[in-house]
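Enquirer: Below you'll find final_12.cif; it's mmCIF, C-alpha atoms.
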```cif
data_upload
loop_
_atom_site.label_atom_id
_atom_site.label_comp_id
_atom_site.auth_asym_id
_atom_site.auth_seq_id
_atom_site.Cartn_x
_atom_site.Cartn_y
_atom_site.Cartn_z
CA MET A 1234 -19.29 -39.67 9.71
CA VAL A 1235 -17.55 -36.55 10.68
CA LEU A 1236 -17.30 -33.95 7.96
CA LEU A 1237 -14.99 -30.98 8.33
CA LEU A 1238 -15.51 -29.24 5.03
CA GLY A 1239 -12.77 -26.93 3.88
CA PHE A 1240 -15.34 -25.45 1.54
CA LEU A 1241 -13.72 -23.89 -1.47
CA LEU A 1242 -17.18 -22.70 -2.48
CA LEU A 1243 -16.97 -23.36 -6.17
CA TRP A 1244 -20.76 -23.49 -6.54
CA GLY A 1245 -20.59 -20.79 -9.18
CA VAL A 1246 -18.05 -22.67 -11.34
CA PRO A 1247 -19.75 -25.89 -12.45
CA ASP A 1248 -17.73 -28.58 -14.19
CA PHE A 1249 -19.80 -29.14 -17.30
CA THR A 1250 -18.76 -31.15 -20.32
CA GLY A 1251 -21.37 -32.36 -22.76
CA SER A 1252 -24.47 -33.40 -20.85
CA VAL A 1253 -23.12 -34.29 -17.39
CA ASN A 1254 -22.72 -31.84 -14.51
CA ILE A 1255 -21.20 -32.54 -11.07
CA THR A 1256 -22.76 -30.17 -8.55
CA THR A 1257 -20.56 -31.11 -5.56
CA PRO A 1258 -17.79 -28.52 -5.05
CA GLU A 1259 -14.16 -29.46 -4.52
CA GLN A 1260 -13.49 -29.67 -0.80
CA THR A 1261 -11.37 -31.11 1.98
CA ILE A 1262 -12.97 -33.59 4.39
CA GLN A 1263 -11.45 -34.46 7.73
CA GLU A 1264 -12.29 -37.60 9.67
CA ALA A 1265 -10.99 -39.26 12.80
CA GLN A 1266 -9.19 -42.58 12.47
CA GLY A 1267 -11.53 -45.56 12.84
CA GLU A 1268 -14.67 -43.65 11.83
CA THR A 1269 -16.70 -43.76 8.60
CA VAL A 1270 -15.97 -40.95 6.16
CA HIS A 1271 -18.41 -39.70 3.54
CA LEU A 1272 -17.00 -38.51 0.20
CA PRO A 1273 -19.78 -36.67 -1.68
CA CYS A 1274 -20.34 -36.63 -5.44
CA MET A 1275 -23.71 -35.36 -6.63
CA PHE A 1276 -24.34 -35.04 -10.36
CA VAL A 1277 -27.03 -34.15 -12.91
CA LEU A 1278 -27.66 -35.85 -16.25
CA ASN A 1279 -29.35 -34.41 -19.30
CA ARG A 1280 -32.80 -35.99 -19.51
CA GLU A 1281 -32.41 -36.50 -23.23
CA ASP A 1282 -29.39 -38.78 -22.76
CA GLN A 1283 -30.14 -42.46 -22.39
CA GLY A 1284 -26.64 -43.87 -22.89
CA PRO A 1285 -24.74 -46.08 -20.43
CA LEU A 1286 -23.64 -44.41 -17.20
CA ASP A 1287 -20.17 -45.09 -15.79
CA ILE A 1288 -18.99 -43.93 -12.35
CA GLU A 1289 -15.37 -44.26 -11.30
CA TRP A 1290 -13.63 -43.25 -8.07
CA LEU A 1291 -9.84 -42.94 -8.27
CA ARG A 1292 -7.18 -42.36 -5.67
CA LEU A 1293 -4.81 -39.74 -7.09
CA SER A 1294 -2.32 -39.63 -4.21
CA GLY A 1295 0.44 -42.15 -4.86
CA PRO A 1296 -0.47 -44.85 -7.40
CA ASN A 1297 -3.35 -43.80 -9.63
CA ASP A 1298 -5.59 -46.66 -8.53
CA GLN A 1299 -9.28 -47.29 -9.05
CA VAL A 1300 -11.23 -47.43 -5.76
CA ILE A 1301 -14.76 -48.42 -6.82
CA LEU A 1302 -16.59 -48.67 -10.13
CA TYR A 1303 -20.18 -48.52 -11.37
CA SER A 1304 -20.86 -49.62 -14.95
CA ALA A 1305 -23.89 -51.14 -16.68
CA ASP A 1306 -25.77 -51.10 -13.36
CA LYS A 1307 -23.09 -53.27 -11.76
CA ILE A 1308 -20.76 -52.31 -8.89
CA SER A 1309 -17.14 -53.43 -8.52
CA ASP A 1310 -15.86 -52.58 -5.04
CA ASP A 1311 -12.94 -54.99 -4.71
CA VAL A 1312 -10.54 -53.37 -7.18
CA TYR A 1313 -8.39 -51.60 -4.56
CA PRO A 1314 -6.90 -54.07 -2.04
CA ASP A 1315 -6.33 -51.53 0.76
CA LEU A 1316 -10.03 -50.55 0.71
CA LYS A 1317 -11.54 -53.95 -0.03
CA GLY A 1318 -14.66 -54.42 2.10
CA ARG A 1319 -14.46 -50.83 3.39
CA VAL A 1320 -15.82 -48.75 0.49
CA HIS A 1321 -19.33 -48.66 -0.96
CA PHE A 1322 -21.71 -46.31 -2.75
CA THR A 1323 -24.18 -44.64 -0.39
CA SER A 1324 -27.13 -44.63 -2.80
CA HIS A 1325 -29.13 -47.63 -3.99
CA ASP A 1326 -30.13 -45.64 -7.08
CA ILE A 1327 -26.91 -44.12 -8.41
CA ARG A 1328 -28.52 -43.04 -11.66
CA SER A 1329 -30.72 -40.64 -9.68
CA GLY A 1330 -27.65 -38.41 -9.26
CA ASP A 1331 -25.74 -39.59 -6.18
CA ALA A 1332 -22.31 -41.16 -6.73
CA SER A 1333 -21.12 -40.48 -3.17
CA ILE A 1334 -19.18 -43.16 -1.30
CA ASN A 1335 -18.47 -44.11 2.30
CA VAL A 1336 -15.14 -45.47 3.54
CA THR A 1337 -15.52 -47.35 6.82
CA ASN A 1338 -12.86 -47.74 9.53
CA VAL A 1339 -10.80 -45.02 7.88
CA GLN A 1340 -7.05 -45.21 8.50
CA LEU A 1341 -4.23 -42.66 8.45
CA SER A 1342 -2.97 -44.34 5.28
CA ASP A 1343 -6.28 -43.56 3.54
CA ALA A 1344 -5.52 -39.82 3.53
CA GLY A 1345 -5.03 -38.28 0.11
CA THR A 1346 -6.84 -36.94 -2.94
CA TYR A 1347 -9.74 -38.89 -4.42
CA GLN A 1348 -11.46 -38.18 -7.72
CA CYS A 1349 -15.07 -38.88 -8.66
CA ARG A 1350 -15.48 -39.32 -12.41
CA VAL A 1351 -18.90 -39.45 -14.09
CA LYS A 1352 -19.22 -40.52 -17.72
CA GLU A 1353 -22.22 -40.60 -20.01
CA ASN A 1354 -21.59 -40.11 -23.72
CA PRO A 1355 -20.72 -37.56 -24.84
CA GLY A 1356 -20.02 -36.05 -21.41
CA THR A 1357 -17.24 -36.79 -18.90
CA VAL A 1358 -16.70 -34.76 -15.72
CA ASN A 1359 -14.70 -35.20 -12.54
CA ARG A 1360 -14.33 -33.67 -9.11
CA ASN A 1361 -11.47 -33.97 -6.60
CA ILE A 1362 -12.09 -34.53 -2.90
CA LYS A 1363 -9.21 -34.32 -0.41
CA LEU A 1364 -9.37 -36.58 2.63
CA ALA A 1365 -7.49 -35.82 5.85
CA VAL A 1366 -7.47 -38.44 8.62
CA THR A 1367 -6.62 -37.49 12.21
CA GLY A 1368 -5.48 -39.81 14.95
CA PHE A 1369 -7.34 -38.08 17.80
CA THR A 1370 -10.68 -36.46 18.52
CA GLY A 1371 -9.75 -33.39 20.60
CA SER A 1372 -11.85 -31.84 23.34
CA VAL A 1373 -15.23 -30.99 21.81
CA ASN A 1374 -18.11 -32.39 23.85
CA ILE A 1375 -21.78 -32.81 22.97
CA THR A 1376 -23.86 -32.73 26.14
CA THR A 1377 -27.17 -33.77 24.54
CA PRO A 1378 -27.74 -37.52 25.03
CA GLU A 1379 -28.99 -39.76 22.26
CA GLN A 1380 -32.78 -39.80 22.35
CA THR A 1381 -36.02 -40.28 20.45
CA ILE A 1382 -38.26 -37.33 19.57
CA GLN A 1383 -41.90 -37.88 18.63
CA GLU A 1384 -43.98 -35.25 16.90
CA ALA A 1385 -47.34 -35.13 15.14
CA GLN A 1386 -47.51 -34.69 11.39
CA GLY A 1387 -47.72 -31.02 10.40
CA LYS A 1388 -46.16 -29.76 13.64
CA THR A 1389 -42.63 -28.42 14.28
CA ALA A 1390 -40.11 -30.96 15.57
CA HIS A 1391 -37.22 -29.79 17.77
CA LEU A 1392 -34.00 -31.82 17.48
CA PRO A 1393 -31.61 -30.81 20.30
CA CYS A 1394 -27.82 -30.66 20.05
CA MET A 1395 -26.02 -28.81 22.86
CA PHE A 1396 -22.23 -28.80 22.92
CA ALA A 1397 -19.23 -27.37 24.76
CA LEU A 1398 -15.88 -26.28 23.35
CA SER A 1399 -12.58 -26.22 25.20
CA PRO A 1400 -11.05 -22.74 25.50
CA ASP A 1401 -7.89 -24.28 24.05
CA ASP A 1402 -9.62 -25.29 20.81
CA GLU A 1403 -8.82 -23.12 17.83
CA GLY A 1404 -9.91 -23.05 14.23
CA PRO A 1405 -13.25 -22.63 12.47
CA LEU A 1406 -16.37 -24.20 13.95
CA PHE A 1407 -18.21 -26.61 11.69
CA ILE A 1408 -21.62 -28.14 12.40
CA ASP A 1409 -23.59 -30.49 10.19
CA TRP A 1410 -26.87 -32.35 10.47
CA MET A 1411 -27.34 -35.54 8.46
CA GLN A 1412 -30.00 -38.16 7.99
CA LEU A 1413 -28.62 -41.70 8.27
CA THR A 1414 -29.83 -45.05 6.98
CA GLY A 1415 -28.62 -48.65 7.05
CA PRO A 1416 -28.77 -51.44 9.66
CA GLU A 1417 -26.15 -49.67 11.79
CA ASN A 1418 -26.83 -46.10 10.62
CA GLU A 1419 -23.66 -46.33 8.56
CA VAL A 1420 -24.99 -44.73 5.38
CA VAL A 1421 -25.43 -40.99 4.89
CA ASN A 1422 -28.81 -40.51 3.25
CA ARG A 1423 -28.41 -36.74 3.04
CA MET A 1424 -26.72 -33.74 4.61
CA PHE A 1425 -29.40 -31.07 4.90
CA ILE A 1426 -28.08 -28.16 6.99
CA VAL A 1427 -24.55 -26.94 7.70
CA ASN A 1428 -22.93 -24.13 9.69
CA LEU A 1429 -19.43 -23.38 8.41
CA ALA A 1430 -17.37 -20.36 9.42
CA ASP A 1431 -20.54 -18.65 10.76
CA LYS A 1432 -22.39 -19.17 7.47
CA ILE A 1433 -25.45 -21.40 7.16
CA TYR A 1434 -26.21 -23.64 4.18
CA ASP A 1435 -29.71 -25.14 4.29
CA ASP A 1436 -30.82 -25.63 0.69
CA PHE A 1437 -29.21 -28.97 -0.15
CA TYR A 1438 -32.50 -30.85 -0.58
CA GLN A 1439 -35.72 -29.52 -2.05
CA ASP A 1440 -38.03 -31.40 0.34
CA MET A 1441 -36.30 -29.81 3.35
CA LYS A 1442 -35.81 -26.37 1.81
CA GLY A 1443 -37.46 -23.69 3.94
CA ARG A 1444 -38.43 -26.19 6.67
CA VAL A 1445 -35.19 -26.63 8.65
CA LYS A 1446 -33.52 -23.91 10.72
CA PHE A 1447 -31.00 -23.63 13.53
CA THR A 1448 -32.84 -22.48 16.64
CA SER A 1449 -30.06 -20.26 18.01
CA ASN A 1450 -28.81 -16.99 16.58
CA ASP A 1451 -25.48 -17.61 18.33
CA ILE A 1452 -24.46 -21.16 17.54
CA ARG A 1453 -20.96 -20.67 18.91
CA SER A 1454 -22.51 -20.30 22.36
CA GLY A 1455 -23.10 -24.06 22.33
CA ASP A 1456 -26.53 -24.62 20.75
CA ALA A 1457 -26.61 -26.46 17.42
CA SER A 1458 -30.25 -27.56 17.80
CA ILE A 1459 -32.58 -27.38 14.81
CA ASN A 1460 -36.30 -27.13 14.16
CA ILE A 1461 -38.03 -28.93 11.28
CA SER A 1462 -41.36 -27.30 10.54
CA ASN A 1463 -44.41 -28.99 9.03
CA VAL A 1464 -42.92 -32.44 9.63
CA GLN A 1465 -44.15 -35.24 7.39
CA LEU A 1466 -44.29 -39.01 7.85
CA SER A 1467 -41.39 -39.24 5.37
CA ASP A 1468 -39.21 -37.21 7.78
CA THR A 1469 -39.17 -40.11 10.25
CA GLY A 1470 -35.65 -41.47 10.64
CA THR A 1471 -32.23 -41.24 12.27
CA TYR A 1472 -30.55 -37.84 12.42
CA GLN A 1473 -26.96 -37.10 13.37
CA CYS A 1474 -25.59 -33.82 14.75
CA GLY A 1475 -21.84 -33.39 14.26
CA VAL A 1476 -19.72 -30.66 15.86
CA PHE A 1477 -16.11 -30.09 14.81
CA GLN A 1478 -13.48 -27.54 15.69
CA GLY A 1479 -9.77 -27.88 15.08
CA SER A 1480 -8.86 -31.41 16.13
CA GLY A 1481 -12.16 -31.94 17.97
CA ALA A 1482 -14.89 -34.04 16.41
CA VAL A 1483 -18.03 -35.40 18.12
CA LYS A 1484 -21.53 -36.45 17.11
CA THR A 1485 -24.82 -37.58 18.61
CA ILE A 1486 -27.84 -39.44 17.26
CA ILE A 1487 -31.45 -38.26 17.45
CA GLN A 1488 -34.31 -40.52 16.37
CA LEU A 1489 -37.34 -38.70 14.98
CA THR A 1490 -40.73 -40.37 14.83
CA VAL A 1491 -43.57 -38.57 13.05
CA VAL A 1492 -47.06 -39.85 13.83
CA GLY A 1493 -50.10 -39.30 11.65
CA VAL A 1494 -52.99 -37.22 12.87
CA LYS A 1495 -56.16 -39.28 13.16
CA PRO A 1496 -59.43 -37.50 12.39
CA GLY A 1497 -61.56 -36.92 15.48
CA PRO A 1498 -65.06 -38.38 15.96
CA ARG A 1499 -67.83 -36.73 14.00
CA THR A 1500 -70.13 -34.52 16.06
CA PHE A 1501 -73.73 -33.77 15.30
CA GLU A 1502 -75.60 -30.69 16.43
CA LYS A 1503 -78.87 -31.48 18.17
CA ARG A 1504 -81.77 -29.53 16.78
CA ALA A 1505 -85.44 -29.59 17.71
CA LEU A 1506 -87.58 -30.62 14.78
CA PRO A 1507 -90.32 -28.04 14.17
CA LEU A 1508 -93.92 -29.22 14.04
CA ARG A 1509 -95.54 -28.83 10.68
CA HIS A 1510 -98.81 -27.72 12.31
CA THR A 1511 -99.13 -26.25 15.74
CA PRO A 1512 -102.39 -27.48 17.31
CA GLY A 1513 -104.71 -24.72 18.44
CA PRO A 1514 -106.61 -24.52 21.79
CA ARG A 1515 -109.81 -26.13 20.39
CA ILE A 1516 -107.99 -29.21 19.11
CA ILE A 1517 -106.15 -29.56 22.41
CA ASN A 1518 -109.44 -29.38 24.37
CA LYS A 1519 -111.02 -32.06 22.15
CA LEU A 1520 -108.07 -34.33 22.67
CA LEU A 1521 -108.24 -33.87 26.44
CA LYS A 1522 -111.86 -35.16 26.45
CA TYR A 1523 -110.64 -38.62 25.56
CA PHE A 1524 -108.45 -38.85 28.68
#
```
Output the file's structure in the form of structure tokens.
Expert:
Amino acid sequence: MVLLLGFLLLWGVPDFTGSVNITTPEQTIQEAQGETVHLPCMFVLNREDQGPLDIEWLRLSGPNDQVILYSADKISDDVYPDLKGRVHFTSHDIRSGDASINVTNVQLSDAGTYQCRVKENPGTVNRNIKLAVTGFTGSVNITTPEQTIQEAQGKTAHLPCMFALSPDDEGPLFIDWMQLTGPENEVVNRMFIVNLADKIYDDFYQDMKGRVKFTSNDIRSGDASINISNVQLSDTGTYQCGVFQGSGAVKTIIQLTVVGVKPGPRTFEKRALPLRHTPGPRIINKLLKYF
């Protein structure tokens, strides 16, 4: 899922009413027609609140229609005919703080403003996400083929992503790395490092914080590769590198396998056992008489 974030960078202006807080900033997301688009909505609940949680996604452009609902631990995803069968929550545990959705096979008619609304008494908050759908992919090219990388636990894993831009392409360069899940890698598990307008954002997830870095100091030169240091078995999975500029949008998949380190065989130092009593010359001579 190609994300071209028109970051408005409202991190410092949280939408907080009562005990609910949406941490995702308002933004514009661009996706190519026919692809899967990810609309993020991360939130935080007050631990003291135990009331019912309701999540509602609305489409504000045109008719004010409901898109998908979550209430009383039940999901209703067939309320909007145009998106029936194409929209679903990305998290299996929405109450953990992820109300993001994916829209598959996105169409030009899906473009517009969507609103994520989170309700838990006495709090109600919302966040608007604008979706732009393009009918072409432009001339960005990723030259790194899809591949599998294997690394030992505790080591540094290198995930390559080399790309080329057409001299005719204009506009800001956007690069994101995501971890995908699902039978067909259709679900965004997390977006963990982003380069937008020559600025890097790498603190989305605590378990990756401080461990993931772009390897190049000049990403625009065509190197969007990353290193993940001190890799753990839990880092195993499918990773996607996306490169976007202007109308261009491309991505490649890298599989990472982290293997455990088996302890080596135990070694024992050979030592000569000292004699408790060292026989003297007389004893040795007596013993020799018997032979």
Enquirer: Which of these residues is nearest to Ile1308 of chain A, using all atoms listed in the file: A:Thr1323, A:Ser1449, A:Ser1458, A:Asn1361?
Expert: A:Thr1323
Enquirer: Between A:Thr1337, A:Ser1324, A:Gln1473, A:Gln1380, single out the one closest to Asn1422 of chain A, counting all atoms listed in the file.
Expert: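 Between A:Thr1337, A:Ser1324, A:Gln1473, A:Gln1380, the residue approaching Asn1422 of chain A most closely is A:Ser1324.
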Enquirer: Place a sphere of radius 9 Å on (-18.2, -38.6, -11.4) in the file coordinates and name every protein, DNA or RNA residue with an atom inside or on its surface, counting all atoms listed in the file; give the answer as a CSV table (one decimal) with C-alpha atoms, keeping the file's coordinate frame.
Expert:
```csv
chain,number,residue,atom,x,y,z
A,1253,VAL,CA,-23.1,-34.3,-17.4
A,1254,ASN,CA,-22.7,-31.8,-14.5
A,1255,ILE,CA,-21.2,-32.5,-11.1
A,1274,CYS,CA,-20.3,-36.6,-5.4
A,1275,MET,CA,-23.7,-35.4,-6.6
A,1276,PHE,CA,-24.3,-35.0,-10.4
A,1287,ASP,CA,-20.2,-45.1,-15.8
A,1288,ILE,CA,-19.0,-43.9,-12.4
A,1289,GLU,CA,-15.4,-44.3,-11.3
A,1290,TRP,CA,-13.6,-43.2,-8.1
A,1332,ALA,CA,-22.3,-41.2,-6.7
A,1333,SER,CA,-21.1,-40.5,-3.2
A,1348,GLN,CA,-11.5,-38.2,-7.7
A,1349,CYS,CA,-15.1,-38.9,-8.7
A,1350,ARG,CA,-15.5,-39.3,-12.4
A,1351,VAL,CA,-18.9,-39.4,-14.1
A,1352,LYS,CA,-19.2,-40.5,-17.7
A,1357,THR,CA,-17.2,-36.8,-18.9
A,1358,VAL,CA,-16.7,-34.8,-15.7
A,1359,ASN,CA,-14.7,-35.2,-12.5
A,1360,ARG,CA,-14.3,-33.7,-9.1
```
Enquirer: Evaluate the PyMOL selection byres ((chain A and resi 1466) around 12) and record the selected residues as a PyMOL selection string, following the chain and residue labels used in the document.
Expert: chain A and resi 1383-1388+1390+1463-1465+1467-1470+1489-1494
Enquirer: Could you work out how far atom CA of Trp1410 of chain A lies from atom CA of Val1445 of chain A, giving the answer in Å with one decimal?
Expert: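 If I compute the distance from atom CA of Val1445 of chain A to atom CA of Trp1410 of chain A, I get 10.3 Å.
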Enquirer: Measure the distance from atom CA of Thr1261 of chain A to atom CA of Ser1294 of chain A in Å and round it to one decimal.
Expert: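 Rounded to one decimal, the two atoms are 13.9 Å apart.
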Enquirer: Just how far from atom CA of Arg1453 of chain A is atom CA of Leu1392 of chain A, in Å to one decimal?
Expert: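 So the answer is 17.2 Å.
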Enquirer: Taking all atoms listed in the file into account, name the residue in A:Phe1396, A:Tyr1303, A:Phe1425, A:Tyr1434 that is nearest to Thr1485 of chain A.
Expert: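 Counting all atoms listed in the file, the residue closest to Thr1485 of chain A is A:Phe1396.
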Enquirer: Between A:Asp1451, A:Gln1340, A:Pro1416, A:Ile1327, which one has atoms that come closest to Gly1267 of chain A, using all atoms listed in the file?
Expert: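 Using all atoms listed in the file, the shortest distance to Gly1267 of chain A belongs to A:Gln1340.
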Enquirer: Counting all atoms listed in the file, write as a ChimeraX atom specification all protein and nucleic acid residues lying at most 8 Å from (-11.7, -30.5, 13.0) in the file's frame.
Expert: /A:1237,1263-1264,1404,1406-1407,1477-1482
Enquirer: Skip Leu1398 of chain A itself and residues of its chain fewer than 6 positions away, then list as a list of chain:residue names all residues within 7 Å of it, counting all atoms listed in the file.
Expert: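 Near Leu1398 of chain A, the qualifying residues are A:Ser1372, A:Val1373, A:Asn1374.
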Enquirer: Just to be explicit: take each residue in the selection above, keep C-alpha atoms, and write the result as a PDB file, keeping the file's coordinate frame.
Expert:
```
ATOM      1  CA  SER A1372     -11.850 -31.840  23.340  1.00  0.00           C
ATOM      2  CA  VAL A1373     -15.230 -30.990  21.810  1.00  0.00           C
ATOM      3  CA  ASN A1374     -18.110 -32.390  23.850  1.00  0.00           C
TER       4      ASN A1374
END
```
Enquirer: Thr1346 of chain A: which residues within 6 Å, counting only C-alpha atoms, same-chain residues fewer than 4 positions away excluded, as a ChimeraX atom specification?
Expert: /A:1293-1294,1362-1363
Enquirer: Applying the PyMOL selection byres ((chain A and resi 1319) around 12) to the file I just gave you, which residues come out? Please list them as a PDB file with C-alpha atoms, in the frame of the given file.
Expert:
```
ATOM      1  CA  GLY A1267     -11.530 -45.560  12.840  1.00  0.00           C
ATOM      2  CA  GLU A1268     -14.670 -43.650  11.830  1.00  0.00           C
ATOM      3  CA  THR A1269     -16.700 -43.760   8.600  1.00  0.00           C
ATOM      4  CA  VAL A1270     -15.970 -40.950   6.160  1.00  0.00           C
ATOM      5  CA  HIS A1271     -18.410 -39.700   3.540  1.00  0.00           C
ATOM      6  CA  VAL A1300     -11.230 -47.430  -5.760  1.00  0.00           C
ATOM      7  CA  ILE A1301     -14.760 -48.420  -6.820  1.00  0.00           C
ATOM      8  CA  ASP A1310     -15.860 -52.580  -5.040  1.00  0.00           C
ATOM      9  CA  ASP A1311     -12.940 -54.990  -4.710  1.00  0.00           C
ATOM     10  CA  VAL A1312     -10.540 -53.370  -7.180  1.00  0.00           C
ATOM     11  CA  TYR A1313      -8.390 -51.600  -4.560  1.00  0.00           C
ATOM     12  CA  PRO A1314      -6.900 -54.070  -2.040  1.00  0.00           C
ATOM     13  CA  ASP A1315      -6.330 -51.530   0.760  1.00  0.00           C
ATOM     14  CA  LEU A1316     -10.030 -50.550   0.710  1.00  0.00           C
ATOM     15  CA  LYS A1317     -11.540 -53.950  -0.030  1.00  0.00           C
ATOM     16  CA  GLY A1318     -14.660 -54.420   2.100  1.00  0.00           C
ATOM     17  CA  VAL A1320     -15.820 -48.750   0.490  1.00  0.00           C
ATOM     18  CA  HIS A1321     -19.330 -48.660  -0.960  1.00  0.00           C
ATOM     19  CA  PHE A1322     -21.710 -46.310  -2.750  1.00  0.00           C
ATOM     20  CA  ILE A1334     -19.180 -43.160  -1.300  1.00  0.00           C
ATOM     21  CA  ASN A1335     -18.470 -44.110   2.300  1.00  0.00           C
ATOM     22  CA  VAL A1336     -15.140 -45.470   3.540  1.00  0.00           C
ATOM     23  CA  THR A1337     -15.520 -47.350   6.820  1.00  0.00           C
ATOM     24  CA  ASN A1338     -12.860 -47.740   9.530  1.00  0.00           C
ATOM     25  CA  VAL A1339     -10.800 -45.020   7.880  1.00  0.00           C
ATOM     26  CA  GLN A1340      -7.050 -45.210   8.500  1.00  0.00           C
ATOM     27  CA  ASP A1343      -6.280 -43.560   3.540  1.00  0.00           C
ATOM     28  CA  GLU A1419     -23.660 -46.330   8.560  1.00  0.00           C
TER      29      GLU A1419
END
```
Enquirer: For a quick check of understanding, using only C-alpha atoms, which of A:Thr1257, A:Thr1414, A:Ser1399, A:Asn1354 has the smallest distance to Ile1375 of chain A?
Expert: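 Closest to Ile1375 of chain A of all the choices is A:Ser1399.
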Enquirer: With distances taken over all atoms listed in the file, which residue among A:Met1424, A:Val1366, A:Gly1356, A:Pro1258 lies nearest Asp1436 of chain A?
Expert: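 Closest residue, counting all atoms listed in the file: A:Met1424.
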Enquirer: When the PyMOL selection byres ((chain A and resi 1443) around 12) is applied to the structure above, which residues does it catch, written out as a list in words?
Expert: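 On this input, the PyMOL selection byres ((chain A and resi 1443) around 12) captures Phe1425, Ile1426, Tyr1434, Asp1435, Asp1436, Phe1437, Tyr1438, Gln1439, Asp1440, Met1441, Lys1442, Arg1444, Val1445, Lys1446, Phe1447, Asn1460, Ile1461, Ser1462, Asn1463 and Val1464 of chain A.
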Enquirer: Is it possible to dump segment 1262-1278 of chain A as an mmCIF file, in the first residue's frame, including just N, CA and C atoms?
Expert:
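Wrote selection_14.cif, looks like this:
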```cif
data_model
loop_
_atom_site.group_PDB
_atom_site.id
_atom_site.type_symbol
_atom_site.label_atom_id
_atom_site.label_comp_id
_atom_site.auth_asym_id
_atom_site.auth_seq_id
_atom_site.Cartn_x
_atom_site.Cartn_y
_atom_site.Cartn_z
ATOM 1 N N ILE A 1262 -3.242 11.048 1.921
ATOM 2 C CA ILE A 1262 -2.628 9.807 1.461
ATOM 3 C C ILE A 1262 -2.969 9.611 -0.007
ATOM 4 N N GLN A 1263 -1.955 9.333 -0.787
ATOM 5 C CA GLN A 1263 -2.152 9.107 -2.221
ATOM 6 C C GLN A 1263 -1.867 7.659 -2.565
ATOM 7 N N GLU A 1264 -2.735 7.073 -3.370
ATOM 8 C CA GLU A 1264 -2.579 5.683 -3.778
ATOM 9 C C GLU A 1264 -2.960 5.525 -5.240
ATOM 10 N N ALA A 1265 -2.295 4.585 -5.900
ATOM 11 C CA ALA A 1265 -2.600 4.313 -7.302
ATOM 12 C C ALA A 1265 -3.852 3.452 -7.417
ATOM 13 N N GLN A 1266 -4.630 3.691 -8.444
ATOM 14 C CA GLN A 1266 -5.847 2.925 -8.677
ATOM 15 C C GLN A 1266 -5.534 1.427 -8.752
ATOM 16 N N GLY A 1267 -6.380 0.630 -8.071
ATOM 17 C CA GLY A 1267 -6.211 -0.814 -8.083
ATOM 18 C C GLY A 1267 -5.372 -1.354 -6.949
ATOM 19 N N GLU A 1268 -4.690 -0.482 -6.205
ATOM 20 C CA GLU A 1268 -3.850 -0.919 -5.102
ATOM 21 C C GLU A 1268 -4.657 -0.949 -3.792
ATOM 22 N N THR A 1269 -3.980 -1.320 -2.709
ATOM 23 C CA THR A 1269 -4.589 -1.293 -1.374
ATOM 24 C C THR A 1269 -4.081 -0.066 -0.637
ATOM 25 N N VAL A 1270 -4.984 0.729 -0.115
ATOM 26 C CA VAL A 1270 -4.595 1.951 0.594
ATOM 27 C C VAL A 1270 -4.810 1.758 2.089
ATOM 28 N N HIS A 1271 -3.888 2.299 2.854
ATOM 29 C CA HIS A 1271 -3.922 2.199 4.319
ATOM 30 C C HIS A 1271 -4.282 3.564 4.889
ATOM 31 N N LEU A 1272 -5.379 3.628 5.642
ATOM 32 C CA LEU A 1272 -5.801 4.861 6.304
ATOM 33 C C LEU A 1272 -5.556 4.696 7.801
ATOM 34 N N PRO A 1273 -4.561 5.392 8.350
ATOM 35 C CA PRO A 1273 -4.165 5.159 9.744
ATOM 36 C C PRO A 1273 -5.061 5.873 10.749
ATOM 37 N N CYS A 1274 -5.210 5.269 11.916
ATOM 38 C CA CYS A 1274 -5.918 5.906 13.035
ATOM 39 C C CYS A 1274 -5.482 5.223 14.324
ATOM 40 N N MET A 1275 -4.442 5.762 14.942
ATOM 41 C CA MET A 1275 -3.924 5.234 16.194
ATOM 42 C C MET A 1275 -4.466 6.079 17.355
ATOM 43 N N PHE A 1276 -4.849 5.416 18.439
ATOM 44 C CA PHE A 1276 -5.443 6.136 19.555
ATOM 45 C C PHE A 1276 -4.960 5.575 20.883
ATOM 46 N N VAL A 1277 -5.201 6.342 21.953
ATOM 47 C CA VAL A 1277 -4.821 5.954 23.309
ATOM 48 C C VAL A 1277 -6.025 6.150 24.212
ATOM 49 N N LEU A 1278 -6.297 5.147 25.054
ATOM 50 C CA LEU A 1278 -7.386 5.217 26.019
ATOM 51 C C LEU A 1278 -6.832 5.390 27.422
#
```
